[in-house]
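A short write-up of the structure that comes next.
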Amino acid sequence: MHLPSDPKVEIGLREQGTVNLAFGGSDSNRGADRIDIDGPHKENKEEELVTKIKGLDLVYSLNDKPPWYLCILLGFQHYILAFGGIIAIPLILAEPLCIGDNNAAKSKLISTIFFVSGLCTLLQTTVGTRLPILQGGTFSLITPTLAILALPKWKCPAPGAPLVSMELQNATDFLQGDPDEVWKSRMREIQGAILVSSLLQLVLGLSGMVGLVLKFIGPLAIAPTINLIGLSLFIEAGKKSGAHWGIAALTVCLILLFSQYLSKVNVPLITYQDKKWKVFQYPVFKLFSALFGMCGAWLICFLLTVFDTLPSKPDEYGYTARTDINLQAVSTAPWFQFPYPGQWGVPTVSVSSVLGMMAGVLASTMESIGDYYACARLSGAPPPPTHAINRGIAVEGIGCILAALWGSGNGTTSYSQNIAALGITKVGSRLVLQTAGLLMIFLGLFGKFGSVFITIPDPVIGGMFLVMFGMIAAVGISNLQYVDLNSSRNLLILGFSTFSGLVLPTWFHSNPGIIDTGSQELDQVIVVLFTTHMFIGGFFGFVLDNTIPGTEKERGIKSWRNKVEEGSSTQTMDESCYDIPFCKGFLKRFKLFHYLPFLPSYNCPEQTIPIIPE
C-alpha cells in the first residue's frame, strides 16, 4: 500500500483489517476516526480511503494544540473575520436607539458587544458543542429589535425637544435631566425582550426538543425567514450609502475585488519552521476581503479629508464621508472600561417585545444547527451527536441571556464565515477559537479601541452593508436548492410568504394606530409581530409547508436533511471530543444523568455510518 507523504495523515494497519486515521498532533484522541475494512480487496479500499480522507488535509484538527504564538495569530485572524458582522450591529442600532451623536455611548456599545462575544465563544468551545465555533452578534434579532423601537412610545424625540416630552422609566433621571436616559430606556426594553425570549432557546436545548422542532421545519420555512432578514435591512443600507454614493460604491468595488477577483491570488509569505526560513503561499485577499475593502475606502476618505476635497459644512452632501468628524470620540474615550451586567439599568419586560423577539431566536437556532454539522466536517470531528447539539443550543441561549444582561443590544449566534475559514486555513483546533474568544474579551476592555471604529465614515459602512445584507438574503435563497422549484405548490408557498413578509410590515408602518383592540398591550403584541418581516415570512412558510399536501422529495425535506448530516462513512464514531471536560467519570456514575439529553452520558452507544460501499 502506497502511503501519502503528508506527515499529518497517519495510517496504521491492525491485524483485523482496521485503518486508523488521525489528523495531526499526538493527543490521546488521535486515531479516533476508525474505518473497518474487510474483504478480498482490502488494499484497494485502503487506497480509496486515503484519497477521501486526504481531502481534508488538516494542519491542526479539533483536539490539536498549536504553539501559543500561532494560536494568537490564528485567533486574531478569526477575530478579524467576524469583525464586520459584529461591528455592524451597534452601528445599525445607534440611530433607532436615539444615540445620535453620543460617541461615548457608541464606544461603550462596541466594547460591550466584543466583550460579550468573546465570553460566549469561550462558553461554546469549552462546555457547549466544544466545536471551534466563534460566537458573535446575530442579525436575526435586528429585525424584531427595529420593529420594537418603531413603536410610537419608543420613537426618537425631535431634535431639540425638551426632556419633558419623553416617557422616562425613572423619575429621578427625569428630574436630574440625564440625557443618556433617552437611549438607556430603549436599551433596557431590548434587553428585557432578549433576556426572556432567550429562555425559549435554553428550554429547547435542555429538553432535547430541538430534534422534534426540526422535523417540521424545512427549506420552504427557512428560506423566506433568512431571506427577509437581509431584505428588510435595505433601508439601513440605503441611509448610510446615501451619505455619499461614490464612496459607498468604492467600498463595494474593493470588497468585490478582494473577495472575488483576487480570491485565488495567493501572496507569498515567509515563515520560520524547523530552523529554516520558508516561503509559503497564503490566500490573504480571500480571508481579509471585508477588512481590506473597508480599510481601503476608509483610507481614501482620510486622504480626501486631508486635502480638503470633501465638503466641510454639515449641511452639504458628502460631509459625513469625512474622517475628522468624530475624532474627539477617540481622544475623550477612556483607556479602559469594564462592561458589567446592568450597566444601563434593570431590564424592562413587555409581552409584545418578547413575542416579537422569539421569532428571531427561533431563526437563529435553526441556522446554528446547520453550522454545527458544517464545523464538525471542516475540523476533522465526527458528526455532532444529539447531546452536543442540544447542549450547543442551550449554551447559545445562555449566551443571549448574558448579552442581554450586559446590554449589547443584541444576542449571540454561531458565525458561518468563521466556519468557512476552517476549510481555507486547514486549522480546526478548538484552542485557536478559545484564543480568539480571549482576544475579544481583552480588546473589549480598551475604550479607545472601540472608539476608533466610530470614525469610520457612514458611506463606508453603507457600502459594507450593501454587500453583507445582500449575502444574508442570498443565504436564505440558497436553501431552495433542495426544493423542487418546478412545483406550483412550492412556488406559491415561497412567493406568498416572502411577499407577505414585505407587504404587511410596510402597511402597518404606514398606518400607525390602525390597531385598536381596547388593550394597549395586545395592540403592541399585534403591531410588533406584524411589523417583523422574518416572523411573517417564516410563519406563513411554516404553516403552508406543513398543511398543503406535498411529498418529502417535492418539499426538499429529505435532501436537505441528508445534506445537513452528510459527511460520513463506515467509521465507528469516537464522540469523546464532545465530552464536557473533567466530569466524564462523574456523569457516567449516576443513572440520572443518562436521561438528560444535553449530557454526554445520554444515548451514547457506538454508531456506525458508511464511508465506502461494500
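Ordering of the C-alpha cells sets the chain letters (A, B, ...), residue numbers begin anew at 1 in every chain, and ligands are numbered from 1 in the order given.
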
Excluding Pro132 of chain A and any residue of its chain fewer than 4 positions from it, enumerate the residues within 7 Å of it, using only C-alpha atoms, and give them as a PDB file with C-alpha atoms, in the first residue's frame.
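Contents of selection_4.pdb, freshly written:
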```pdb
ATOM      1  CA  THR A 125     -15.988  25.962  22.763  1.00  0.00           C
ATOM      2  CA  GLY A 428      -9.731  23.222  13.044  1.00  0.00           C
ATOM      3  CA  SER A 429      -8.187  23.476  16.503  1.00  0.00           C
ATOM      4  CA  ARG A 430     -10.535  24.272  19.376  1.00  0.00           C
ATOM      5  CA  LEU A 433     -11.058  29.693  18.758  1.00  0.00           C
TER       6      LEU A 433
END
```

So that each row is one residue of segment 91-154 of chain A with an atom at most 7 Å from segment 394-402 of chain A, can you give its shortest atom pair and the distance in Å to one decimal, using only C-alpha atoms, rows by chain and rising number, as a tab-separated table?
```
residue	atom	partner	partner_atom	distance
A:Cys120	CA	A:Gly399	CA	5.3
A:Gln124	CA	A:Val395	CA	6.3
A:Gly128	CA	A:Val395	CA	5.6
```

What does the file look like for those residues with N, CA and C atoms, as a PDB file, in the first residue's frame?
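Saved to out_10.pdb:
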```pdb
ATOM      1  N   CYS A 120     -18.988  34.476  25.193  1.00  0.00           N
ATOM      2  CA  CYS A 120     -19.848  33.408  24.678  1.00  0.00           C
ATOM      3  C   CYS A 120     -19.069  32.406  23.823  1.00  0.00           C
ATOM      4  N   GLN A 124     -19.069  28.358  24.463  1.00  0.00           N
ATOM      5  CA  GLN A 124     -19.454  27.396  23.433  1.00  0.00           C
ATOM      6  C   GLN A 124     -18.343  26.395  23.145  1.00  0.00           C
ATOM      7  N   GLY A 128     -20.082  23.962  25.500  1.00  0.00           N
ATOM      8  CA  GLY A 128     -21.196  23.827  24.554  1.00  0.00           C
ATOM      9  C   GLY A 128     -20.982  22.644  23.639  1.00  0.00           C
TER      10      GLY A 128
END
```

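Restricting the calculation to only C-alpha atoms, the smallest distance between Ser352 of chain A and any of A:Ser576, A:Ser510, A:Ser117, A:Thr531 is found for A:Thr531.
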
If you run DSSP on this backbone, which residues of segment 161-275 of chain A come out as strand (DSSP E or B), and could you give them as a ChimeraX atom specification?
/A:267-273

Deliver the residues from the most recent selection as a file, using C-alpha atoms, as a PDB file, in the first residue's frame.
```pdb
ATOM      1  CA  VAL A 267       0.503  36.115  -1.513  1.00  0.00           C
ATOM      2  CA  PRO A 268       3.986  34.707  -0.739  1.00  0.00           C
ATOM      3  CA  LEU A 269       4.813  34.993   2.958  1.00  0.00           C
ATOM      4  CA  ILE A 270       7.882  33.956   4.911  1.00  0.00           C
ATOM      5  CA  THR A 271       7.827  31.702   7.964  1.00  0.00           C
ATOM      6  CA  TYR A 272      10.497  30.200  10.221  1.00  0.00           C
ATOM      7  CA  GLN A 273       9.986  26.460  10.653  1.00  0.00           C
TER       8      GLN A 273
END
```

Nearest candidate to Gly296 of chain A (options A:Thr323, A:Thr251, A:Ser259, A:Ser408; using only C-alpha atoms):
A:Thr251

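Between atom CA of Gly463 of chain A and atom CA of Thr365 of chain A lies a distance of 28.4 Å.
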
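Using only C-alpha atoms, the shortest contact distance between Pro505 of chain A and any of A:Ile548, A:Leu529, A:Leu299, A:Val543 is found at A:Leu529.
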
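Picture a line from atom CA of Phe338 of chain A to atom CA of Pro144 of chain A; it runs 28.3 Å.
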
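Comparing the minimum interatomic distances between Leu81 of chain A and each of A:Leu131, A:Leu256, A:Leu200, A:Val284, counting only C-alpha atoms, we find that A:Val284 sits nearest.
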